[in-house]
Structures are given as C-alpha cells and as structure tokens.
file entry35.cif (mmCIF, C-alpha atoms and all ligand atoms)
data_coords
loop_
_atom_site.label_atom_id
_atom_site.label_comp_id
_atom_site.auth_asym_id
_atom_site.auth_seq_id
_atom_site.Cartn_x
_atom_site.Cartn_y
_atom_site.Cartn_z
CA MET I 1 19.23 -59.23 18.30
CA ASN I 2 20.02 -58.85 14.61
CA ASN I 3 19.10 -61.89 12.52
CA SER I 4 21.27 -62.54 9.49
CA TRP I 5 18.44 -61.94 7.02
CA GLU I 6 18.10 -58.42 8.39
CA GLN I 7 21.25 -57.23 6.66
CA ASN I 8 19.32 -57.38 3.37
CA VAL I 9 16.26 -55.51 4.54
CA ARG I 10 15.45 -52.21 2.84
CA ARG I 11 15.47 -50.17 6.00
CA VAL I 12 13.89 -46.73 6.16
CA VAL I 13 12.84 -44.19 8.74
CA PRO I 14 9.25 -43.52 7.71
CA TYR I 15 7.44 -40.21 7.32
CA VAL I 16 5.47 -39.12 10.40
CA PRO I 17 2.05 -37.71 9.52
CA GLY I 18 0.17 -35.31 11.79
CA GLU I 19 -2.00 -36.82 14.48
CA GLN I 20 -5.56 -37.96 13.60
CA PRO I 21 -7.26 -37.92 17.03
CA LYS I 22 -10.12 -40.41 17.37
CA ASP I 23 -12.57 -38.14 19.24
CA SER I 24 -14.69 -35.77 17.22
CA ASP I 25 -14.84 -33.07 19.89
CA VAL I 26 -11.45 -31.65 18.96
CA ILE I 27 -10.64 -28.57 16.90
CA LYS I 28 -8.32 -30.01 14.32
CA LEU I 29 -5.92 -27.47 12.85
CA ASN I 30 -2.90 -29.76 12.48
CA THR I 31 -2.96 -31.38 9.02
CA ASN I 32 -4.15 -28.64 6.65
CA GLU I 33 -7.41 -30.37 5.84
CA ASN I 34 -10.25 -28.31 4.42
CA PRO I 35 -12.91 -27.47 7.06
CA TYR I 36 -15.71 -27.51 4.45
CA PRO I 37 -17.29 -30.57 2.82
CA PRO I 38 -16.50 -31.55 -0.79
CA ALA I 39 -18.65 -30.36 -3.71
CA PRO I 40 -22.34 -31.34 -3.28
CA GLU I 41 -22.34 -33.51 -6.43
CA VAL I 42 -20.02 -35.95 -4.59
CA ARG I 43 -22.98 -36.87 -2.35
CA SER I 44 -25.14 -37.82 -5.37
CA ILE I 45 -22.35 -39.95 -6.83
CA LEU I 46 -22.13 -41.91 -3.57
CA ASP I 47 -25.93 -42.23 -3.31
CA SER I 48 -26.38 -43.51 -6.84
CA PHE I 49 -23.30 -45.75 -7.09
CA ASP I 50 -24.24 -49.27 -8.19
CA GLU I 51 -22.20 -51.65 -6.04
CA SER I 52 -22.23 -54.33 -8.77
CA ARG I 53 -19.62 -52.14 -10.49
CA MET I 54 -17.27 -53.24 -7.74
CA ARG I 55 -17.00 -56.61 -9.47
CA LEU I 56 -15.03 -54.94 -12.21
CA TYR I 57 -11.55 -53.53 -12.08
CA PRO I 58 -11.46 -49.75 -12.31
CA THR I 59 -10.26 -48.18 -15.56
CA PRO I 60 -6.48 -48.37 -15.12
CA ASP I 61 -5.86 -44.93 -16.59
CA ALA I 62 -8.60 -43.39 -14.38
CA ALA I 63 -10.05 -41.97 -17.61
CA GLU I 64 -13.11 -40.26 -16.15
CA LEU I 65 -11.03 -38.33 -13.64
CA THR I 66 -8.06 -37.72 -15.95
CA ASN I 67 -10.39 -36.28 -18.61
CA ALA I 68 -12.17 -34.05 -16.09
CA ILE I 69 -8.85 -32.69 -14.81
CA ALA I 70 -7.54 -32.19 -18.35
CA GLU I 71 -10.66 -30.25 -19.27
CA ARG I 72 -10.51 -28.07 -16.14
CA TYR I 73 -6.87 -27.14 -16.79
CA GLY I 74 -7.08 -26.86 -20.59
CA LEU I 75 -4.78 -29.83 -21.26
CA LYS I 76 -4.84 -33.05 -23.22
CA PRO I 77 -5.55 -36.15 -21.08
CA ALA I 78 -2.09 -37.38 -22.10
CA GLN I 79 -0.61 -34.46 -20.14
CA VAL I 80 -2.22 -35.57 -16.87
CA PHE I 81 -1.11 -38.32 -14.47
CA VAL I 82 -3.48 -39.27 -11.67
CA GLY I 83 -2.48 -40.97 -8.41
CA VAL I 84 -3.70 -41.94 -4.96
CA GLY I 85 -2.99 -38.60 -3.32
CA SER I 86 -0.14 -36.41 -4.47
CA ASP I 87 2.04 -38.45 -2.10
CA ASP I 88 1.58 -41.35 -4.52
CA VAL I 89 2.16 -39.06 -7.51
CA ILE I 90 5.34 -37.52 -6.10
CA SER I 91 6.65 -40.89 -5.01
CA MET I 92 6.13 -42.21 -8.58
CA ALA I 93 7.80 -39.09 -9.97
CA PHE I 94 10.84 -39.61 -7.69
CA LEU I 95 11.12 -43.20 -8.85
CA THR I 96 10.73 -42.25 -12.52
CA PHE I 97 12.80 -39.09 -12.86
CA PHE I 98 15.32 -39.00 -10.02
CA ASN I 99 17.55 -41.73 -11.37
CA SER I 100 20.98 -40.13 -11.45
CA ASP I 101 24.14 -40.32 -9.34
CA LYS I 102 23.98 -36.57 -8.81
CA PRO I 103 22.04 -35.30 -5.82
CA VAL I 104 18.42 -34.21 -6.02
CA LEU I 105 18.00 -30.74 -4.54
CA PHE I 106 15.30 -29.41 -2.21
CA PRO I 107 15.14 -26.86 0.63
CA ASP I 108 16.20 -27.76 4.18
CA ILE I 109 12.85 -26.57 5.49
CA THR I 110 10.19 -28.22 3.35
CA TYR I 111 7.72 -31.09 3.08
CA SER I 112 9.28 -33.78 5.24
CA PHE I 113 8.30 -36.59 2.86
CA TYR I 114 10.93 -35.65 0.23
CA ASP I 115 13.93 -36.99 2.13
CA VAL I 116 11.95 -40.13 3.04
CA TRP I 117 11.24 -40.94 -0.64
CA ALA I 118 14.84 -40.19 -1.52
CA ASP I 119 15.95 -42.60 1.22
CA VAL I 120 13.56 -45.42 0.36
CA TYR I 121 14.55 -45.27 -3.34
CA ARG I 122 18.25 -44.77 -2.49
CA ILE I 123 18.35 -41.46 -4.36
CA PRO I 124 21.21 -39.15 -3.33
CA TYR I 125 19.99 -35.71 -2.24
CA GLN I 126 21.24 -32.44 -0.89
CA THR I 127 19.22 -29.83 0.97
CA LYS I 128 19.64 -26.10 0.38
CA PRO I 129 19.09 -23.72 3.30
CA LEU I 130 16.25 -21.24 2.99
CA ARG I 131 17.16 -17.60 3.55
CA SER I 132 16.42 -16.27 7.06
CA ASP I 133 13.03 -14.96 5.84
CA PHE I 134 12.21 -18.52 4.65
CA THR I 135 12.47 -17.62 0.95
CA ILE I 136 14.33 -19.78 -1.58
CA ASP I 137 17.58 -18.50 -3.11
CA PRO I 138 17.33 -19.51 -6.80
CA ASP I 139 21.13 -19.48 -7.12
CA ASP I 140 21.24 -22.53 -4.83
CA TYR I 141 19.56 -24.49 -7.61
CA LYS I 142 22.02 -23.62 -10.36
CA CYS I 143 24.59 -26.33 -9.69
CA GLU I 144 24.88 -29.87 -11.03
CA ASN I 145 21.99 -31.98 -9.77
CA GLY I 146 19.89 -35.07 -10.40
CA GLY I 147 16.59 -33.21 -10.12
CA ILE I 148 14.82 -30.48 -8.16
CA ILE I 149 11.64 -30.39 -6.09
CA PHE I 150 10.01 -27.87 -3.80
CA PRO I 151 6.45 -26.91 -2.88
CA ASN I 152 5.06 -23.55 -3.91
CA PRO I 153 3.83 -22.17 -1.56
CA ASN I 154 6.41 -23.95 0.57
CA ALA I 155 5.37 -26.13 3.50
CA PRO I 156 5.39 -25.70 6.44
CA THR I 157 6.24 -22.01 5.96
CA GLY I 158 3.40 -20.94 3.64
CA VAL I 159 5.84 -18.74 1.72
CA TYR I 160 5.00 -18.24 -1.97
CA GLU I 161 7.60 -17.72 -4.70
CA ASN I 162 6.64 -15.96 -7.91
CA VAL I 163 6.52 -17.68 -11.27
CA GLU I 164 9.44 -15.65 -12.69
CA MET I 165 11.74 -17.01 -9.98
CA ILE I 166 10.60 -20.56 -10.69
CA GLU I 167 11.08 -20.12 -14.42
CA ASP I 168 14.60 -18.87 -13.71
CA ILE I 169 15.34 -22.19 -11.94
CA ILE I 170 13.75 -24.34 -14.67
CA LYS I 171 15.69 -22.48 -17.37
CA ALA I 172 18.97 -23.11 -15.57
CA ASN I 173 18.29 -26.87 -15.38
CA PRO I 174 17.58 -28.33 -18.83
CA ASP I 175 19.36 -31.55 -17.79
CA SER I 176 17.03 -32.45 -14.93
CA VAL I 177 13.35 -32.68 -14.15
CA VAL I 178 12.05 -29.85 -11.98
CA MET I 179 8.96 -30.68 -9.90
CA ILE I 180 6.82 -27.98 -8.36
CA ASP I 181 4.54 -29.35 -5.64
CA GLU I 182 1.52 -27.04 -5.80
CA ALA I 183 -0.47 -28.60 -2.94
CA TYR I 184 -1.44 -25.09 -1.75
CA ILE I 185 -1.42 -23.05 -4.96
CA ASP I 186 -5.20 -22.59 -5.07
CA PHE I 187 -5.12 -20.40 -1.96
CA GLY I 188 -3.93 -17.28 -3.75
CA GLY I 189 -0.72 -18.03 -5.65
CA GLU I 190 -0.21 -18.15 -9.39
CA SER I 191 0.36 -21.66 -10.74
CA CYS I 192 3.38 -22.28 -12.94
CA LEU I 193 1.26 -24.68 -15.01
CA PRO I 194 1.43 -22.53 -18.20
CA LEU I 195 5.20 -23.13 -18.21
CA ILE I 196 4.73 -26.81 -19.08
CA GLU I 197 4.09 -25.72 -22.68
CA LYS I 198 7.52 -24.08 -22.74
CA TYR I 199 9.63 -26.52 -20.69
CA ASP I 200 9.39 -30.26 -21.21
CA ASN I 201 11.34 -30.90 -17.99
CA LEU I 202 8.71 -29.30 -15.72
CA LEU I 203 6.26 -31.40 -13.71
CA VAL I 204 3.52 -29.57 -11.79
CA ILE I 205 1.84 -31.56 -9.00
CA GLN I 206 -1.48 -30.74 -7.33
CA THR I 207 -3.91 -32.45 -4.95
CA PHE I 208 -7.60 -32.69 -4.07
CA SER I 209 -6.70 -32.97 -0.37
CA LYS I 210 -6.58 -29.28 0.51
CA SER I 211 -8.51 -26.95 -1.80
CA ARG I 212 -11.05 -29.61 -2.85
CA SER I 213 -11.79 -31.03 0.65
CA MET I 214 -11.02 -34.65 -0.28
CA ALA I 215 -7.98 -35.68 1.77
CA GLY I 216 -9.77 -38.91 2.75
CA MET I 217 -10.39 -39.90 -0.87
CA ARG I 218 -6.71 -39.72 -1.82
CA ILE I 219 -6.52 -37.93 -5.18
CA GLY I 220 -3.46 -36.21 -6.58
CA PHE I 221 -2.31 -35.40 -10.09
CA ALA I 222 0.68 -34.28 -12.07
CA MET I 223 0.72 -32.20 -15.24
CA GLY I 224 3.53 -32.00 -17.75
CA CYS I 225 4.42 -32.65 -21.36
CA GLU I 226 3.14 -35.91 -22.85
CA LYS I 227 6.57 -37.49 -22.75
CA LEU I 228 6.99 -36.92 -18.98
CA ILE I 229 3.53 -38.33 -18.29
CA LYS I 230 4.21 -41.35 -20.50
CA TYR I 231 7.42 -42.12 -18.56
CA MET I 232 5.53 -41.91 -15.26
CA ASN I 233 2.77 -44.21 -16.52
CA ASP I 234 5.35 -46.75 -17.69
CA VAL I 235 6.71 -46.97 -14.14
CA LYS I 236 3.26 -46.93 -12.55
CA PHE I 237 2.01 -49.75 -14.79
CA SER I 238 5.11 -51.72 -13.86
CA ILE I 239 4.07 -51.70 -10.21
CA ASN I 240 0.27 -51.61 -9.86
CA SER I 241 -2.13 -50.55 -12.61
CA TYR I 242 -5.29 -50.33 -10.52
CA THR I 243 -4.34 -47.94 -7.76
CA MET I 244 -7.39 -45.69 -7.82
CA ASN I 245 -10.77 -47.25 -7.14
CA THR I 246 -13.88 -46.58 -9.24
CA VAL I 247 -15.81 -44.60 -6.61
CA THR I 248 -12.89 -42.27 -6.06
CA GLN I 249 -12.51 -41.66 -9.79
CA LEU I 250 -16.18 -40.71 -10.11
CA CYS I 251 -16.24 -38.52 -6.98
CA GLY I 252 -13.07 -36.74 -8.05
CA ALA I 253 -14.47 -36.02 -11.51
CA ALA I 254 -17.67 -34.63 -9.98
CA ALA I 255 -15.67 -32.41 -7.62
CA VAL I 256 -13.40 -30.96 -10.30
CA ARG I 257 -16.41 -30.06 -12.49
CA ASP I 258 -17.95 -27.84 -9.81
CA GLU I 259 -15.89 -24.73 -10.39
CA LYS I 260 -18.32 -22.43 -8.57
CA TYR I 261 -18.25 -24.40 -5.30
CA PHE I 262 -14.47 -24.69 -5.54
CA ARG I 263 -14.01 -20.92 -5.89
CA GLU I 264 -16.43 -20.13 -3.06
CA THR I 265 -14.78 -22.57 -0.67
CA VAL I 266 -11.28 -21.39 -1.43
CA GLN I 267 -12.36 -17.76 -1.03
CA LYS I 268 -13.88 -18.47 2.39
CA ILE I 269 -10.57 -19.96 3.53
CA ILE I 270 -8.59 -17.04 2.13
CA ASP I 271 -10.86 -14.58 3.97
CA THR I 272 -10.50 -16.51 7.24
CA ARG I 273 -6.73 -16.65 6.73
CA GLU I 274 -6.47 -12.89 6.31
CA TYR I 275 -8.61 -12.34 9.42
CA SER I 276 -6.42 -14.87 11.28
CA LYS I 277 -3.26 -12.97 10.34
CA LYS I 278 -4.66 -9.87 12.08
CA LYS I 279 -5.65 -11.83 15.18
CA LEU I 280 -2.29 -13.59 15.43
CA SER I 281 -0.44 -10.28 15.09
CA GLU I 282 -2.55 -8.84 17.91
CA LEU I 283 -1.55 -11.83 20.04
CA GLY I 284 2.10 -11.01 19.38
CA PHE I 285 2.87 -13.83 16.94
CA VAL I 286 5.33 -13.24 14.12
CA PHE I 287 5.02 -15.16 10.85
CA PRO I 288 6.08 -15.07 7.24
CA ASP I 289 3.23 -13.99 4.97
CA SER I 290 1.20 -17.05 3.99
CA MET I 291 -0.45 -17.80 0.66
CA SER I 292 -1.64 -21.23 1.80
CA ASN I 293 -4.38 -22.63 4.05
CA PHE I 294 -2.15 -22.44 7.12
CA ILE I 295 -0.01 -19.91 8.97
CA PHE I 296 3.46 -20.72 10.29
CA ALA I 297 3.56 -18.54 13.36
CA SER I 298 5.93 -18.01 16.25
CA PRO I 299 4.54 -16.93 19.64
CA GLN I 300 6.89 -14.35 21.13
CA LYS I 301 5.75 -14.35 24.74
CA LYS I 302 5.71 -18.11 25.39
CA SER I 303 7.57 -20.97 23.74
CA ALA I 304 5.92 -22.72 20.79
CA GLU I 305 6.17 -26.03 22.62
CA TYR I 306 4.36 -24.60 25.65
CA VAL I 307 1.58 -23.11 23.51
CA PHE I 308 1.27 -26.37 21.53
CA THR I 309 0.90 -28.39 24.76
CA GLU I 310 -1.56 -25.95 26.34
CA LEU I 311 -3.69 -25.91 23.20
CA LYS I 312 -3.78 -29.69 23.19
CA LYS I 313 -5.04 -29.71 26.79
CA ARG I 314 -7.91 -27.58 25.50
CA ARG I 315 -8.57 -30.07 22.67
CA ILE I 316 -7.13 -27.80 19.97
CA PHE I 317 -4.57 -29.52 17.73
CA VAL I 318 -1.95 -27.59 15.77
CA ARG I 319 1.40 -28.85 14.46
CA TRP I 320 4.76 -28.33 16.14
CA TRP I 321 8.12 -29.85 15.18
CA ASN I 322 10.93 -30.27 17.65
CA LYS I 323 13.51 -29.45 14.98
CA PRO I 324 16.23 -26.83 14.65
CA ILE I 325 15.26 -23.53 12.94
CA ILE I 326 11.50 -24.23 13.20
CA LYS I 327 11.04 -25.24 16.82
CA ASP I 328 9.82 -21.75 17.72
CA TYR I 329 6.93 -22.01 15.27
CA LEU I 330 3.48 -23.55 15.18
CA ARG I 331 1.80 -24.48 11.94
CA ILE I 332 -1.85 -23.56 12.27
CA SER I 333 -4.28 -24.79 9.61
CA ILE I 334 -7.11 -22.43 8.69
CA GLY I 335 -10.43 -23.80 9.96
CA THR I 336 -13.90 -22.27 9.95
CA PRO I 337 -14.28 -18.78 11.48
CA ASP I 338 -15.83 -20.43 14.59
CA GLU I 339 -12.90 -22.80 15.00
CA MET I 340 -10.42 -19.95 14.58
CA ASN I 341 -12.24 -17.83 17.15
CA SER I 342 -12.05 -20.71 19.65
CA LEU I 343 -8.34 -20.91 18.91
CA PHE I 344 -7.83 -17.17 19.45
CA ALA I 345 -9.78 -17.27 22.74
CA ALA I 346 -7.57 -20.14 23.92
CA LEU I 347 -4.41 -18.36 22.79
CA GLU I 348 -5.47 -15.19 24.61
CA GLU I 349 -5.76 -17.25 27.82
CA ILE I 350 -2.48 -19.15 27.27
CA ILE I 351 -0.40 -16.17 26.24
CA ASN I 352 -1.87 -13.25 28.17
CA GLY I 353 -3.84 -15.02 30.93
C1 LIG C 401 -0.49 -32.21 1.83
C2 LIG C 401 0.72 -32.17 0.97
C3 LIG C 401 0.95 -33.14 -0.02
C4 LIG C 401 0.21 -34.44 -0.13
O1 LIG C 401 -1.08 -34.42 -0.19
P1 LIG C 401 -1.91 -35.70 -0.60
O2 LIG C 401 -2.96 -35.76 0.43
O3 LIG C 401 -1.06 -36.92 -0.64
O4 LIG C 401 -2.42 -35.33 -1.95
C5 LIG C 401 2.02 -32.99 -0.85
N1 LIG C 401 2.86 -31.96 -0.71
C6 LIG C 401 2.71 -31.05 0.24
C7 LIG C 401 3.68 -29.95 0.35
C8 LIG C 401 1.64 -31.13 1.13
O5 LIG C 401 1.52 -30.25 2.11
#
call {"tool": "encode", "arguments": {"input": "entry35.cif", "output": "structure tokens", "more": "lines below"}}
Ligand SMILES: *Cc1c(COP(=O)(O)O)cnc(C)c1O
result
Amino acid sequence: MNNSWEQNVRRVVPYVPGEQPKDSDVIKLNTNENPYPPAPEVRSILDSFDESRMRLYPTPDAAELTNAIAERYGLKPAQVFVGVGSDDVISMAFLTFFNSDKPVLFPDITYSFYDVWADVYRIPYQTKPLRSDFTIDPDDYKCENGGIIFPNPNAPTGVYENVEMIEDIIKANPDSVVMIDEAYIDFGGESCLPLIEKYDNLLVIQTFSKSRSMAGMRIGFAMGCEKLIKYMNDVKFSINSYTMNTVTQLCGAAAVRDEKYFRETVQKIIDTREYSKKKLSELGFVFPDSMSNFIFASPQKKSAEYVFTELKKRRIFVRWWNKPIIKDYLRISIGTPDEMNSLFAALEEIING
C-alpha cells in the first residue's frame, strides 16, 4: 500500500557495505581494513583522555587534527577539510561542487557509493566504461560535464593511473571540479596532491581507514585550494558543525604524527601484497596489477561465486559482486601473512582439491 505522503519521500536505494560478521574467529578480507593496529600513541590518548571534556562541544573546525594533517602534507590548515570518514567528505563535496545540470562523470566500474550520492542529491551523472584492462580512457572525460570523480588507485580493481594522465584530465576541465579519491594511494602510488598548487579545481581526498588502521574511528580529509575548502566548510556548517568528536580528533592527530609507524605498516602490507600476487598466480588466478591493499582476482578453474561461497564456509570472507563485467572476480583484501597463508591453503583445497 502506498500512502499519499509517500509521494513526497526522498527515496533512495542505499549503498551496501561489505559484511561485518559478528564472530571474531573469521578471517576478514572483505572490506579493505588494515590488519595492523593504529599507531601506538593512539593508546595513550585513550588512556589519558579526561572524560569531563565530553561536557564540551568539540572544536567545530577539528583544529588539532586539521593542523596535524596540514603539517604532515606541507599545507596551510585552510587547505584541509576534515570529515567523518572520507564517505562524509566525498558526500559533502558532491553536495558542494556537483551543482550543475550537466552530468557528473565517473567510471562504470568504481566505488559503488558515487551513484548513491548522486541519486540522493538528485545530481545527474553518466558513467564511462573502463577499457577491457580496467584502465581509464582520459578522452572519456573531455566532454561537457558537471564534475568528475574517480578513485586512484581505482576500486574495486586496484588499478593505478599515473599523475600525468590525471593532470591531462584536470587541464581539460577548467569549468568543473575534479575529485581524486585517494583512499588507497599510500600503498605505492604517487599522490596528485602537488597539483592542487597548480589547479584550483582539484580536490584530493584521503582517509585514515585503510593505510592508518582507523576505519572504526571514521576520519577522512580533503585537500585543495583555500577557496574550495572554504566552499565545503560553508555547506558543512550549514548542516552540522560538530560532526567529529573530540576523542577522534585527538587520536587522529596522534596517528598522523607517527610517520615511522605509518611507513612500516604500509610497507608490511605492500610486501604481503607482492607475495600474494605470486601465490594467486600459482593458483591460476588472473588479475590486473594492484597498487592498493587488495587484489581483484579472477579464479580461472572455478567460478568466483563458487570460490566465494566455499571460502565463506571455511570462515574466510572476501568480496564478490553479482554484477556484469566483474562477476568473475573476487576482491581480496591484504591481511597479515598468516591470514593470507590460511587463504591460500583454503584456495588450494577449493580450486585443486
Ligand atoms: C574505503 C573507501 C572510501 C571510504 O572510506 P572511509 O572509511 O569513509 O574513509 C572512499 N573511497 C574509496 C574508493 C574507498 O575504497
């Protein structure tokens, strides 16, 4: 039954996140979380936090965290926007900058939140097919548009595009804001951050969820020219000023200051990823080269759906989408070497057993 008030509801089909199983005995390689804990200083922040500070509102501009990020990336605080996960940041950026009648452009195979934000904000969009090797054709992004966004490396493919190619796209689009979602850039790619000094229509978005092991804290940030950041803050402060709580601000600042721990953790994941590429090849998987903390791999001897289901029976979670073009692939997050070895033992059994 449709009640008459329902015709005025803002209806949307929501984003579907990867499963978060309740039991702790699973090997969880399905949501690209970091298998290592956050920087050790985060523990001391939590231990010494004075709960009477909870009486007070947090600083609305998340100054402590914004300043720490600005310092780490050699920027002014006014060039940094902080949000509750990069999902919050990107959503704010959609609302702020994608405000035209022309379609926003992004790849057909990409982060599946983009079309959801476009829908909820009633932003027209058009997807551009990736090439058969999952790379982006820059010429697809040289037509009239209301904005551009894609991740680099792309998700769920892991494919990295070089900075020259991205600059080519930015240069061709002075009339729209170009957003590069760098959720996975710390795992070996080169950030296009330096380009923000040259192009005032470039917004670079990063997150603490993957390379800094803090998905549960919800910290994301955007970097761009002061004008872009000011426009985003105007919209943000028109909705909810106090989105990020005090504890999160302090923990995030502590994490971003520990450069040594960050580099060591990222390097461990890169090493495990390279080892995992060899093992997956031996098991007959094919995959585009990955520069992220996951591998998008297609089993050749059994269907991806079958392997996904069999892994789940063995308490190993990976991600599989029942969607055209990608239904033959599994997205496998990089865990610890032990977790990956359990995965490879299970795969050996499922595929060759
Ligand atoms: C994980 C991810 C994000 C969002 O991460 P947050 O946890 O919200 O910071 C954004 N973009 C891509 C491509 C991702 O994979």
call {"tool": "residues_near_ligand", "arguments": {"input": "entry35.cif", "ligand": "ligand LIG 401 (chain C)", "cutoff": "6 Å", "atoms": "only C-alpha atoms and all ligand atoms", "output": "ChimeraX atom specification"}}
result
/I:85-87,111,151,155,181,183,207,209,215,218-220
call {"tool": "closest_residue", "arguments": {"input": "entry35.cif", "among": "I:Glu64, I:Asp140, I:Glu197, I:Glu33", "to": "I:Lys210", "atoms": "all atoms listed in the file"}}
result
I:Glu33
call {"tool": "atom_distance", "arguments": {"input": "entry35.cif", "atom1": "atom CA of I:Pro35", "atom2": "atom CA of I:Leu283"}}
result
23.3 Å
call {"tool": "closest_residue", "arguments": {"input": "entry35.cif", "among": "I:Ile27, I:Ala39, I:Val286, I:Val318", "to": "I:Arg263", "atoms": "only C-alpha atoms"}}
result
I:Ala39
call {"tool": "closest_residue", "arguments": {"input": "entry35.cif", "among": "I:Cys251, I:Val256, I:Leu347, I:Ile326", "to": "I:Ser281", "atoms": "all atoms listed in the file"}}
result
I:Leu347
call {"tool": "closest_residue", "arguments": {"input": "entry35.cif", "among": "I:Thr336, I:Ser238, I:Thr127, I:Ser191", "to": "I:Pro37", "atoms": "only C-alpha atoms"}}
result
I:Thr336
call {"tool": "residues_around", "arguments": {"input": "entry35.cif", "residues": "I:Val84", "least_positions_apart": "5", "cutoff": "12 Å", "atoms": "all atoms listed in the file", "output": "PyMOL selection string"}}
result
chain I and resi 62+65+89-92+206-209+214-222+236+240-246+248-249+252
call {"tool": "closest_residue", "arguments": {"input": "entry35.cif", "among": "I:Tyr199, I:Phe49, I:Phe317, I:Phe262", "to": "I:Ala346", "atoms": "only C-alpha atoms"}}
result
I:Phe317
call {"tool": "atom_distance", "arguments": {"input": "entry35.cif", "atom1": "atom CA of I:Tyr121", "atom2": "atom CA of I:Val177"}}
result
16.6 Å
call {"tool": "atom_distance", "arguments": {"input": "entry35.cif", "atom1": "atom CA of I:Ala78", "atom2": "atom CA of I:Ile239"}}
result
19.6 Å
call {"tool": "residues_near_point", "arguments": {"input": "entry35.cif", "point": "(7.4, -22.1, 13.6)", "cutoff": "12 Å", "atoms": "all atoms listed in the file", "output": "NGL selection string"}}
result
:I and (109 or 133-134 or 155-158 or 285-288 or 294-300 or 303-305 or 307-308 or 318-332)
call {"tool": "write_last_selection", "arguments": {"input": "entry35.cif", "atoms": "C-alpha atoms", "output": "short mmCIF file (atom, residue, chain, number, x, y, z; two decimals), keeping the file's coordinate frame"}}
result
data_model
loop_
_atom_site.label_atom_id
_atom_site.label_comp_id
_atom_site.auth_asym_id
_atom_site.auth_seq_id
_atom_site.Cartn_x
_atom_site.Cartn_y
_atom_site.Cartn_z
CA ILE I 109 12.85 -26.57 5.49
CA ASP I 133 13.03 -14.96 5.84
CA PHE I 134 12.21 -18.52 4.65
CA ALA I 155 5.37 -26.13 3.50
CA PRO I 156 5.39 -25.70 6.44
CA THR I 157 6.24 -22.01 5.96
CA GLY I 158 3.40 -20.94 3.64
CA PHE I 285 2.87 -13.83 16.94
CA VAL I 286 5.33 -13.24 14.12
CA PHE I 287 5.02 -15.16 10.85
CA PRO I 288 6.08 -15.07 7.24
CA PHE I 294 -2.15 -22.44 7.12
CA ILE I 295 -0.01 -19.91 8.97
CA PHE I 296 3.46 -20.72 10.29
CA ALA I 297 3.56 -18.54 13.36
CA SER I 298 5.93 -18.01 16.25
CA PRO I 299 4.54 -16.93 19.64
CA GLN I 300 6.89 -14.35 21.13
CA SER I 303 7.57 -20.97 23.74
CA ALA I 304 5.92 -22.72 20.79
CA GLU I 305 6.17 -26.03 22.62
CA VAL I 307 1.58 -23.11 23.51
CA PHE I 308 1.27 -26.37 21.53
CA VAL I 318 -1.95 -27.59 15.77
CA ARG I 319 1.40 -28.85 14.46
CA TRP I 320 4.76 -28.33 16.14
CA TRP I 321 8.12 -29.85 15.18
CA ASN I 322 10.93 -30.27 17.65
CA LYS I 323 13.51 -29.45 14.98
CA PRO I 324 16.23 -26.83 14.65
CA ILE I 325 15.26 -23.53 12.94
CA ILE I 326 11.50 -24.23 13.20
CA LYS I 327 11.04 -25.24 16.82
CA ASP I 328 9.82 -21.75 17.72
CA TYR I 329 6.93 -22.01 15.27
CA LEU I 330 3.48 -23.55 15.18
CA ARG I 331 1.80 -24.48 11.94
CA ILE I 332 -1.85 -23.56 12.27
#
call {"tool": "residues_around", "arguments": {"input": "entry35.cif", "residues": "I:Ile148", "least_positions_apart": "4", "cutoff": "7 Å", "atoms": "all atoms listed in the file", "output": "PyMOL selection string"}}
result
chain I and resi 104-106+177-179
call {"tool": "write_last_selection", "arguments": {"input": "entry35.cif", "atoms": "C-alpha atoms", "output": "PDB file, keeping the file's coordinate frame"}}
result
ATOM      1  CA  VAL I 104      18.420 -34.210  -6.020  1.00  0.00           C
ATOM      2  CA  LEU I 105      18.000 -30.740  -4.540  1.00  0.00           C
ATOM      3  CA  PHE I 106      15.300 -29.410  -2.210  1.00  0.00           C
ATOM      4  CA  VAL I 177      13.350 -32.680 -14.150  1.00  0.00           C
ATOM      5  CA  VAL I 178      12.050 -29.850 -11.980  1.00  0.00           C
ATOM      6  CA  MET I 179       8.960 -30.680  -9.900  1.00  0.00           C
TER       7      MET I 179
END
call {"tool": "closest_residue", "arguments": {"input": "entry35.cif", "among": "I:Thr31, I:Ile269, I:Ser276, I:Asp200", "to": "I:Glu19", "atoms": "only C-alpha atoms"}}
result
I:Thr31
call {"tool": "residues_around", "arguments": {"input": "entry35.cif", "residues": "I:Arg315", "least_positions_apart": "5", "cutoff": "9 Å", "atoms": "all atoms listed in the file", "output": "list of chain:residue names"}}
result
I:Asp25, I:Val26, I:Ile27, I:Lys28, I:Glu310
call {"tool": "residues_near_point", "arguments": {"input": "entry35.cif", "point": "(-20.7, -33.7, -9.7)", "cutoff": "8 Å", "atoms": "only C-alpha atoms", "output": "list of chain:residue names"}}
result
I:Ala39, I:Pro40, I:Glu41, I:Val42, I:Ser44, I:Ile45, I:Cys251, I:Ala253, I:Ala254, I:Ala255, I:Val256, I:Arg257, I:Asp258
